[in-house]
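Student: Next up, input_10.cif (mmCIF, C-alpha atoms; chains and numbers go by the auth columns).
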data_entry
loop_
_atom_site.group_PDB
_atom_site.id
_atom_site.type_symbol
_atom_site.label_atom_id
_atom_site.label_comp_id
_atom_site.label_asym_id
_atom_site.label_seq_id
_atom_site.Cartn_x
_atom_site.Cartn_y
_atom_site.Cartn_z
_atom_site.B_iso_or_equiv
_atom_site.auth_seq_id
_atom_site.auth_asym_id
ATOM 1 C CA MET A 1 0.000 0.000 0.000 0.00 1 A
ATOM 2 C CA PRO A 2 1.585 3.335 -1.009 0.00 2 A
ATOM 3 C CA ARG A 3 2.263 5.803 1.767 0.00 3 A
ATOM 4 C CA LEU A 4 1.333 9.424 1.483 0.00 4 A
ATOM 5 C CA ILE A 5 4.169 11.669 2.541 0.00 5 A
ATOM 6 C CA LEU A 6 3.102 15.166 3.400 0.00 6 A
ATOM 7 C CA GLU A 7 5.566 17.982 3.055 0.00 7 A
ATOM 8 C CA PRO A 8 5.305 21.276 4.901 0.00 8 A
ATOM 9 C CA PRO A 9 2.980 23.719 3.086 0.00 9 A
ATOM 10 C CA ASN A 10 5.816 26.122 2.154 0.00 10 A
ATOM 11 C CA THR A 11 7.770 23.310 0.506 0.00 11 A
ATOM 12 C CA GLN A 12 4.694 22.217 -1.449 0.00 12 A
ATOM 13 C CA ARG A 13 4.123 25.795 -2.635 0.00 13 A
ATOM 14 C CA PHE A 14 7.775 26.087 -3.692 0.00 14 A
ATOM 15 C CA ILE A 15 7.569 22.833 -5.657 0.00 15 A
ATOM 16 C CA MET A 16 4.303 23.945 -7.285 0.00 16 A
ATOM 17 C CA ASP A 17 5.750 27.395 -8.124 0.00 17 A
ATOM 18 C CA ARG A 18 8.863 25.785 -9.604 0.00 18 A
ATOM 19 C CA ASP A 19 6.728 23.371 -11.639 0.00 19 A
ATOM 20 C CA ASP A 20 4.475 26.233 -12.814 0.00 20 A
ATOM 21 C CA ARG A 21 7.507 28.249 -13.922 0.00 21 A
ATOM 22 C CA ARG A 22 8.862 25.268 -15.867 0.00 22 A
ATOM 23 C CA ARG A 23 5.443 24.630 -17.427 0.00 23 A
ATOM 24 C CA ASN A 24 5.049 28.325 -18.384 0.00 24 A
ATOM 25 C CA LYS A 25 8.542 28.407 -19.865 0.00 25 A
ATOM 26 C CA ASN A 26 7.707 25.364 -21.983 0.00 26 A
ATOM 27 C CA ILE A 27 4.321 26.810 -22.932 0.00 27 A
ATOM 28 C CA GLY A 28 6.031 30.012 -24.038 0.00 28 A
ATOM 29 C CA LYS A 29 8.639 28.142 -26.096 0.00 29 A
ATOM 30 C CA ASN A 30 5.984 25.888 -27.640 0.00 30 A
ATOM 31 C CA PHE A 31 3.835 28.898 -28.437 0.00 31 A
ATOM 32 C CA MET A 32 6.799 30.716 -30.021 0.00 32 A
ATOM 33 C CA CYS A 33 7.453 27.664 -32.190 0.00 33 A
ATOM 34 C CA ARG A 34 3.781 27.450 -33.196 0.00 34 A
ATOM 35 C CA LEU A 35 3.716 31.141 -34.105 0.00 35 A
ATOM 36 C CA GLN A 36 6.860 30.909 -36.172 0.00 36 A
ATOM 37 C CA CYS A 37 5.599 27.764 -37.902 0.00 37 A
ATOM 38 C CA MET A 38 2.329 29.535 -38.762 0.00 38 A
ATOM 39 C CA PHE A 39 4.293 32.173 -40.646 0.00 39 A
ATOM 40 C CA SER A 40 7.247 30.052 -41.780 0.00 40 A
ATOM 41 C CA HIS A 41 6.540 30.635 -45.480 0.00 41 A
ATOM 42 C CA SER A 42 8.819 33.682 -45.269 0.00 42 A
ATOM 43 C CA SER A 43 12.120 32.974 -43.585 0.00 43 A
ATOM 44 C CA SER A 44 13.703 36.429 -43.742 0.00 44 A
ATOM 45 C CA SER A 45 14.929 37.736 -40.396 0.00 45 A
ATOM 46 C CA GLU A 46 12.577 40.733 -40.539 0.00 46 A
ATOM 47 C CA SER A 47 9.530 38.442 -40.622 0.00 47 A
ATOM 48 C CA ARG A 48 10.605 36.438 -37.576 0.00 48 A
ATOM 49 C CA LEU A 49 9.150 37.005 -34.130 0.00 49 A
ATOM 50 C CA SER A 50 11.436 39.416 -32.306 0.00 50 A
ATOM 51 C CA LEU A 51 11.707 40.776 -28.780 0.00 51 A
ATOM 52 C CA GLU A 52 11.413 44.362 -30.058 0.00 52 A
ATOM 53 C CA ASP A 53 8.216 43.651 -31.989 0.00 53 A
ATOM 54 C CA THR A 54 6.741 41.777 -29.049 0.00 54 A
ATOM 55 C CA GLN A 55 7.592 44.630 -26.647 0.00 55 A
ATOM 56 C CA GLN A 56 5.890 47.106 -28.981 0.00 56 A
ATOM 57 C CA TRP A 57 2.608 45.230 -28.604 0.00 57 A
ATOM 58 C CA SER A 58 2.299 46.825 -25.161 0.00 58 A
ATOM 59 C CA GLN A 59 2.270 50.346 -26.653 0.00 59 A
ATOM 60 C CA SER A 60 -1.249 50.099 -28.070 0.00 60 A
ATOM 61 C CA LEU A 61 -3.912 47.692 -29.238 0.00 61 A
ATOM 62 C CA GLU A 62 -3.416 49.082 -32.739 0.00 62 A
ATOM 63 C CA ARG A 63 0.281 48.095 -32.664 0.00 63 A
ATOM 64 C CA LEU A 64 -0.658 44.624 -31.448 0.00 64 A
ATOM 65 C CA LEU A 65 -3.223 44.117 -34.224 0.00 65 A
ATOM 66 C CA ASP A 66 -0.863 45.482 -36.894 0.00 66 A
ATOM 67 C CA SER A 67 1.638 42.720 -36.124 0.00 67 A
ATOM 68 C CA LYS A 68 0.867 39.333 -37.685 0.00 68 A
ATOM 69 C CA TYR A 69 2.393 37.609 -34.655 0.00 69 A
ATOM 70 C CA GLY A 70 0.651 40.014 -32.285 0.00 70 A
ATOM 71 C CA LEU A 71 -2.735 39.379 -33.846 0.00 71 A
ATOM 72 C CA ALA A 72 -2.207 35.605 -33.784 0.00 72 A
ATOM 73 C CA THR A 73 -1.100 35.707 -30.141 0.00 73 A
ATOM 74 C CA PHE A 74 -3.998 37.953 -29.096 0.00 74 A
ATOM 75 C CA ARG A 75 -6.522 35.711 -30.876 0.00 75 A
ATOM 76 C CA ASN A 76 -5.024 32.668 -29.185 0.00 76 A
ATOM 77 C CA PHE A 77 -5.259 34.393 -25.809 0.00 77 A
ATOM 78 C CA LEU A 78 -8.915 35.355 -26.378 0.00 78 A
ATOM 79 C CA LYS A 79 -9.770 31.818 -27.491 0.00 79 A
ATOM 80 C CA SER A 80 -8.180 30.474 -24.309 0.00 80 A
ATOM 81 C CA GLU A 81 -10.546 32.736 -22.352 0.00 81 A
ATOM 82 C CA TYR A 82 -13.562 31.824 -24.496 0.00 82 A
ATOM 83 C CA SER A 83 -13.962 35.487 -25.436 0.00 83 A
ATOM 84 C CA ASP A 84 -12.840 35.665 -29.056 0.00 84 A
ATOM 85 C CA GLU A 85 -16.122 36.968 -30.508 0.00 85 A
ATOM 86 C CA ASN A 86 -14.969 40.611 -30.388 0.00 86 A
ATOM 87 C CA ILE A 87 -11.741 40.117 -32.326 0.00 87 A
ATOM 88 C CA GLU A 88 -13.506 37.789 -34.767 0.00 88 A
ATOM 89 C CA PHE A 89 -16.195 40.425 -35.360 0.00 89 A
ATOM 90 C CA TRP A 90 -13.624 43.200 -35.750 0.00 90 A
ATOM 91 C CA LEU A 91 -11.585 41.170 -38.271 0.00 91 A
ATOM 92 C CA THR A 92 -14.718 40.124 -40.156 0.00 92 A
ATOM 93 C CA CYS A 93 -15.691 43.807 -40.469 0.00 93 A
ATOM 94 C CA GLU A 94 -12.216 44.663 -41.767 0.00 94 A
ATOM 95 C CA ASP A 95 -12.627 41.996 -44.474 0.00 95 A
ATOM 96 C CA TYR A 96 -16.197 43.135 -45.174 0.00 96 A
ATOM 97 C CA LYS A 97 -14.981 46.680 -45.927 0.00 97 A
ATOM 98 C CA LYS A 98 -12.854 45.300 -48.774 0.00 98 A
ATOM 99 C CA ILE A 99 -15.845 43.836 -50.662 0.00 99 A
ATOM 100 C CA LYS A 100 -16.572 45.586 -53.958 0.00 100 A
ATOM 101 C CA SER A 101 -19.555 43.613 -55.280 0.00 101 A
ATOM 102 C CA SER A 102 -22.924 44.832 -53.980 0.00 102 A
ATOM 103 C CA PHE A 103 -24.341 41.298 -54.199 0.00 103 A
ATOM 104 C CA ARG A 104 -21.477 39.867 -52.106 0.00 104 A
ATOM 105 C CA MET A 105 -21.744 42.793 -49.692 0.00 105 A
ATOM 106 C CA SER A 106 -25.449 42.159 -49.157 0.00 106 A
ATOM 107 C CA SER A 107 -24.923 38.439 -48.629 0.00 107 A
ATOM 108 C CA ARG A 108 -21.968 38.974 -46.285 0.00 108 A
ATOM 109 C CA ALA A 109 -23.785 41.690 -44.276 0.00 109 A
ATOM 110 C CA LYS A 110 -26.633 39.281 -43.573 0.00 110 A
ATOM 111 C CA LYS A 111 -24.165 36.581 -42.456 0.00 111 A
ATOM 112 C CA ILE A 112 -22.364 39.026 -40.144 0.00 112 A
ATOM 113 C CA TYR A 113 -25.693 40.101 -38.678 0.00 113 A
ATOM 114 C CA GLU A 114 -26.760 36.491 -38.096 0.00 114 A
ATOM 115 C CA GLN A 115 -23.422 35.480 -36.600 0.00 115 A
ATOM 116 C CA PHE A 116 -22.532 38.487 -34.409 0.00 116 A
ATOM 117 C CA ILE A 117 -25.314 41.093 -34.097 0.00 117 A
ATOM 118 C CA LYS A 118 -28.634 39.273 -33.755 0.00 118 A
ATOM 119 C CA VAL A 119 -29.732 38.610 -30.174 0.00 119 A
ATOM 120 C CA GLU A 120 -28.821 35.046 -29.165 0.00 120 A
ATOM 121 C CA SER A 121 -26.532 34.680 -32.208 0.00 121 A
ATOM 122 C CA PRO A 122 -23.662 32.153 -31.940 0.00 122 A
ATOM 123 C CA LYS A 123 -20.998 34.834 -31.371 0.00 123 A
ATOM 124 C CA GLU A 124 -23.167 37.691 -30.141 0.00 124 A
ATOM 125 C CA ILE A 125 -21.121 40.799 -29.386 0.00 125 A
ATOM 126 C CA ASN A 126 -21.883 43.173 -26.536 0.00 126 A
ATOM 127 C CA ILE A 127 -23.456 46.265 -28.081 0.00 127 A
ATOM 128 C CA ASP A 128 -26.327 48.498 -27.017 0.00 128 A
ATOM 129 C CA TYR A 129 -29.908 48.133 -28.242 0.00 129 A
ATOM 130 C CA HIS A 130 -29.784 51.317 -30.353 0.00 130 A
ATOM 131 C CA THR A 131 -26.682 50.182 -32.271 0.00 131 A
ATOM 132 C CA ARG A 132 -28.128 46.703 -32.764 0.00 132 A
ATOM 133 C CA GLU A 133 -31.365 48.139 -34.202 0.00 133 A
ATOM 134 C CA GLN A 134 -29.464 50.574 -36.440 0.00 134 A
ATOM 135 C CA ILE A 135 -27.452 47.701 -37.895 0.00 135 A
ATOM 136 C CA LYS A 136 -30.629 45.679 -38.383 0.00 136 A
ATOM 137 C CA ARG A 137 -31.923 48.535 -40.578 0.00 137 A
ATOM 138 C CA ASN A 138 -28.541 49.037 -42.309 0.00 138 A
ATOM 139 C CA VAL A 139 -28.306 45.384 -43.353 0.00 139 A
ATOM 140 C CA LYS A 140 -31.440 45.799 -45.498 0.00 140 A
ATOM 141 C CA THR A 141 -29.455 48.121 -47.795 0.00 141 A
ATOM 142 C CA PRO A 142 -25.847 47.492 -46.763 0.00 142 A
ATOM 143 C CA THR A 143 -22.922 49.822 -47.328 0.00 143 A
ATOM 144 C CA VAL A 144 -19.242 49.533 -46.458 0.00 144 A
ATOM 145 C CA HIS A 145 -19.994 51.457 -43.259 0.00 145 A
ATOM 146 C CA CYS A 146 -23.045 49.594 -41.927 0.00 146 A
ATOM 147 C CA PHE A 147 -21.057 47.948 -39.088 0.00 147 A
ATOM 148 C CA ASP A 148 -18.794 50.908 -38.240 0.00 148 A
ATOM 149 C CA ASP A 149 -20.566 51.891 -34.992 0.00 149 A
ATOM 150 C CA ALA A 150 -20.515 48.333 -33.662 0.00 150 A
ATOM 151 C CA GLN A 151 -16.904 47.938 -34.732 0.00 151 A
ATOM 152 C CA LYS A 152 -15.924 51.081 -32.791 0.00 152 A
ATOM 153 C CA ILE A 153 -17.758 49.821 -29.699 0.00 153 A
ATOM 154 C CA VAL A 154 -16.066 46.412 -29.923 0.00 154 A
ATOM 155 C CA TYR A 155 -12.640 47.968 -30.451 0.00 155 A
ATOM 156 C CA GLY A 156 -13.208 50.113 -27.350 0.00 156 A
ATOM 157 C CA LEU A 157 -14.217 47.043 -25.326 0.00 157 A
ATOM 158 C CA MET A 158 -11.094 45.186 -26.421 0.00 158 A
ATOM 159 C CA GLU A 159 -8.909 48.214 -25.698 0.00 159 A
ATOM 160 C CA ARG A 160 -10.309 48.690 -22.178 0.00 160 A
ATOM 161 C CA ASP A 161 -10.783 45.047 -21.173 0.00 161 A
ATOM 162 C CA SER A 162 -9.212 42.255 -23.234 0.00 162 A
ATOM 163 C CA TYR A 163 -6.018 44.084 -24.197 0.00 163 A
ATOM 164 C CA PRO A 164 -4.927 44.971 -20.620 0.00 164 A
ATOM 165 C CA ARG A 165 -5.697 41.378 -19.542 0.00 165 A
ATOM 166 C CA PHE A 166 -3.594 40.119 -22.451 0.00 166 A
ATOM 167 C CA LEU A 167 -0.651 42.293 -21.377 0.00 167 A
ATOM 168 C CA ARG A 168 -0.846 40.772 -17.878 0.00 168 A
ATOM 169 C CA SER A 169 -1.351 37.216 -19.186 0.00 169 A
ATOM 170 C CA ASP A 170 1.060 34.324 -18.767 0.00 170 A
ATOM 171 C CA ILE A 171 1.064 33.863 -22.556 0.00 171 A
ATOM 172 C CA TYR A 172 2.414 37.366 -23.195 0.00 172 A
ATOM 173 C CA ARG A 173 4.757 37.555 -20.194 0.00 173 A
ATOM 174 C CA THR A 174 6.253 34.124 -20.909 0.00 174 A
ATOM 175 C CA LEU A 175 6.690 34.959 -24.569 0.00 175 A
ATOM 176 C CA LEU A 176 8.576 38.144 -23.612 0.00 176 A
ATOM 177 C CA GLU A 177 10.733 36.252 -21.093 0.00 177 A
ATOM 178 C CA ASN A 178 11.644 33.555 -23.617 0.00 178 A
ATOM 179 C CA LEU A 179 12.460 36.074 -26.331 0.00 179 A
ATOM 180 C CA ALA A 180 14.590 38.102 -23.881 0.00 180 A
ATOM 181 C CA ALA A 181 16.429 34.931 -22.819 0.00 181 A
ATOM 182 C CA ASP A 182 17.015 33.991 -26.473 0.00 182 A
ATOM 183 C CA ALA A 183 18.242 37.524 -27.256 0.00 183 A
ATOM 184 C CA ALA A 184 20.644 37.398 -24.282 0.00 184 A
ATOM 185 C CA LYS A 185 22.114 34.130 -25.586 0.00 185 A
ATOM 186 C CA GLY A 186 22.825 35.864 -28.874 0.00 186 A
#
If you convert what's in this file into structure tokens, what do you get?
Tutor:
Amino acid sequence: MPRLILEPPNTQRFIMDRDDRRRNKNIGKNFMCRLQCMFSHSSSSESRLSLEDTQQWSQSLERLLDSKYGLATFRNFLKSEYSDENIEFWLTCEDYKKIKSSFRMSSRAKKIYEQFIKVESPKEINIDYHTREQIKRNVKTPTVHCFDDAQKIVYGLMERDSYPRFLRSDIYRTLLENLAADAAKG
């Protein structure tokens, strides 16, 4: 019969902290590898994930979203928190604005409404009643700008809520630590 050996609480906490640090270090390295593999089609040094680029993500949400690695990392973070509907909506709107065909725009506007705007939709975003109703009317005769108000609201929510949480997250901090360690090695 196996015996249970209890260690003093401080020792257990130290062992758990040490194990957590090891696990986070490995998570960070694995995540770095996954990110670089996602974008491995271009192998030039300027397209690689760098400490400087990663540090710049903390300057603004716009900087984070402008970086292909930053966007991928932020999306991954939001998915891990089961709160990726805002970034998915924002990105979908960015793609929607590029549509030239009025037929495609109409079809896509209806899909966006059904997926993100409609009450009880699969990825319902958090917007006020007035904005929701305005979009409902806009979708009947869609333009490039019919989701602009909702997109601004969602961007503001991400900037005030998700983005600061991301900057404090283990994913981001561990990524920075691993890149700094790699940079120190040369």
Student: Region 138-144 of chain A: which residues within 7 Å, counting only C-alpha atoms, same-chain residues fewer than 4 positions away excluded, as a PDB file with C-alpha atoms, in the coordinates of the input?
Tutor:
ATOM      1  CA  LYS A  97     -14.981  46.680 -45.927  1.00  0.00           C
ATOM      2  CA  MET A 105     -21.744  42.793 -49.692  1.00  0.00           C
ATOM      3  CA  SER A 106     -25.449  42.159 -49.157  1.00  0.00           C
ATOM      4  CA  ALA A 109     -23.785  41.690 -44.276  1.00  0.00           C
ATOM      5  CA  LYS A 110     -26.633  39.281 -43.573  1.00  0.00           C
ATOM      6  CA  GLN A 134     -29.464  50.574 -36.440  1.00  0.00           C
TER       7      GLN A 134
END
Student: Could you spell out the hits of the PyMOL selection byres ((chain A and resi 58-70) around 7) on the shown file, as a PDB file with C-alpha atoms, in the frame of the given file?
Tutor:
ATOM      1  CA  LEU A  35       3.716  31.141 -34.105  1.00  0.00           C
ATOM      2  CA  LEU A  49       9.150  37.005 -34.130  1.00  0.00           C
ATOM      3  CA  GLN A  55       7.592  44.630 -26.647  1.00  0.00           C
ATOM      4  CA  GLN A  56       5.890  47.106 -28.981  1.00  0.00           C
ATOM      5  CA  TRP A  57       2.608  45.230 -28.604  1.00  0.00           C
ATOM      6  CA  LEU A  71      -2.735  39.379 -33.846  1.00  0.00           C
ATOM      7  CA  ALA A  72      -2.207  35.605 -33.784  1.00  0.00           C
ATOM      8  CA  THR A  73      -1.100  35.707 -30.141  1.00  0.00           C
ATOM      9  CA  PHE A  74      -3.998  37.953 -29.096  1.00  0.00           C
ATOM     10  CA  GLU A 159      -8.909  48.214 -25.698  1.00  0.00           C
ATOM     11  CA  TYR A 163      -6.018  44.084 -24.197  1.00  0.00           C
ATOM     12  CA  LEU A 167      -0.651  42.293 -21.377  1.00  0.00           C
TER      13      LEU A 167
END
Student: Which is closer to His145 (chain A) than all the others in A:Arg75, A:Lys98, A:Ser162, A:Arg48, using only C-alpha atoms?
Tutor: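 The closest residue to His145 (chain A) is A:Lys98.
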Student: Region 114-124 of chain A: which residues within 8 Å, counting only C-alpha atoms, same-chain residues fewer than 5 positions away excluded, as a count of residues only?
Tutor: 4
Student: Check which residues satisfy the PyMOL selection byres ((chain A and resi 87) around 9) in the file shown, then give them as a list in words.
Tutor: Phe74, Arg75, Leu78, Ser83, Asp84, Glu85, Asn86, Glu88, Phe89, Trp90, Leu91, Thr92, Val154, Tyr155 and Met158 of chain A
Student: Selected residues, C-alpha atoms, written as a PDB file, in the frame of the given file, please.
Tutor:
ATOM      1  CA  PHE A  74      -3.998  37.953 -29.096  1.00  0.00           C
ATOM      2  CA  ARG A  75      -6.522  35.711 -30.876  1.00  0.00           C
ATOM      3  CA  LEU A  78      -8.915  35.355 -26.378  1.00  0.00           C
ATOM      4  CA  SER A  83     -13.962  35.487 -25.436  1.00  0.00           C
ATOM      5  CA  ASP A  84     -12.840  35.665 -29.056  1.00  0.00           C
ATOM      6  CA  GLU A  85     -16.122  36.968 -30.508  1.00  0.00           C
ATOM      7  CA  ASN A  86     -14.969  40.611 -30.388  1.00  0.00           C
ATOM      8  CA  GLU A  88     -13.506  37.789 -34.767  1.00  0.00           C
ATOM      9  CA  PHE A  89     -16.195  40.425 -35.360  1.00  0.00           C
ATOM     10  CA  TRP A  90     -13.624  43.200 -35.750  1.00  0.00           C
ATOM     11  CA  LEU A  91     -11.585  41.170 -38.271  1.00  0.00           C
ATOM     12  CA  THR A  92     -14.718  40.124 -40.156  1.00  0.00           C
ATOM     13  CA  VAL A 154     -16.066  46.412 -29.923  1.00  0.00           C
ATOM     14  CA  TYR A 155     -12.640  47.968 -30.451  1.00  0.00           C
ATOM     15  CA  MET A 158     -11.094  45.186 -26.421  1.00  0.00           C
TER      16      MET A 158
END
Student: Restricting the calculation to all atoms listed in the file, which member of A:Thr131, A:Thr54, A:Ser102, A:Gln151 is positioned closest to Thr174 (chain A)?
Tutor: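 Checking each of A:Thr131, A:Thr54, A:Ser102, A:Gln151 against Thr174 (chain A), counting all atoms listed in the file, the winner is A:Thr54.
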Student: Smallest atom-to-atom distance to Pro164 (chain A): which of A:Phe77, A:Asp53, A:Cys146, A:Arg137, using only C-alpha atoms?
Tutor: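 Of A:Phe77, A:Asp53, A:Cys146, A:Arg137, the one nearest Pro164 (chain A) is A:Phe77, counting only C-alpha atoms.
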Student: In Å, rounded to a single decimal, give me how far CA of Lys79 (chain A) is from CA of Leu175 (chain A).
Tutor: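 If I compute the distance from CA of Leu175 (chain A) to CA of Lys79 (chain A), I get 17.0 Å.
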Student: Please define a box with edges along x, y and z of the file around all atoms of region 149-168 of chain A given in the file, extend it by 3 Å on each side, and return its centre and edge lengths in Å to one decimal, as lines of an AutoDock Vina configuration file.
Tutor:
center_x = -10.6
center_y = 46.0
center_z = -26.4
size_x = 25.9
size_y = 17.8
size_z = 23.1
Student: If I take CA of Leu176 (chain A) and CA of Tyr82 (chain A), how far is one from the other in Å, to one decimal?
Tutor: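 One can read the CA of Leu176 (chain A) to CA of Tyr82 (chain A) distance as 23.0 Å.
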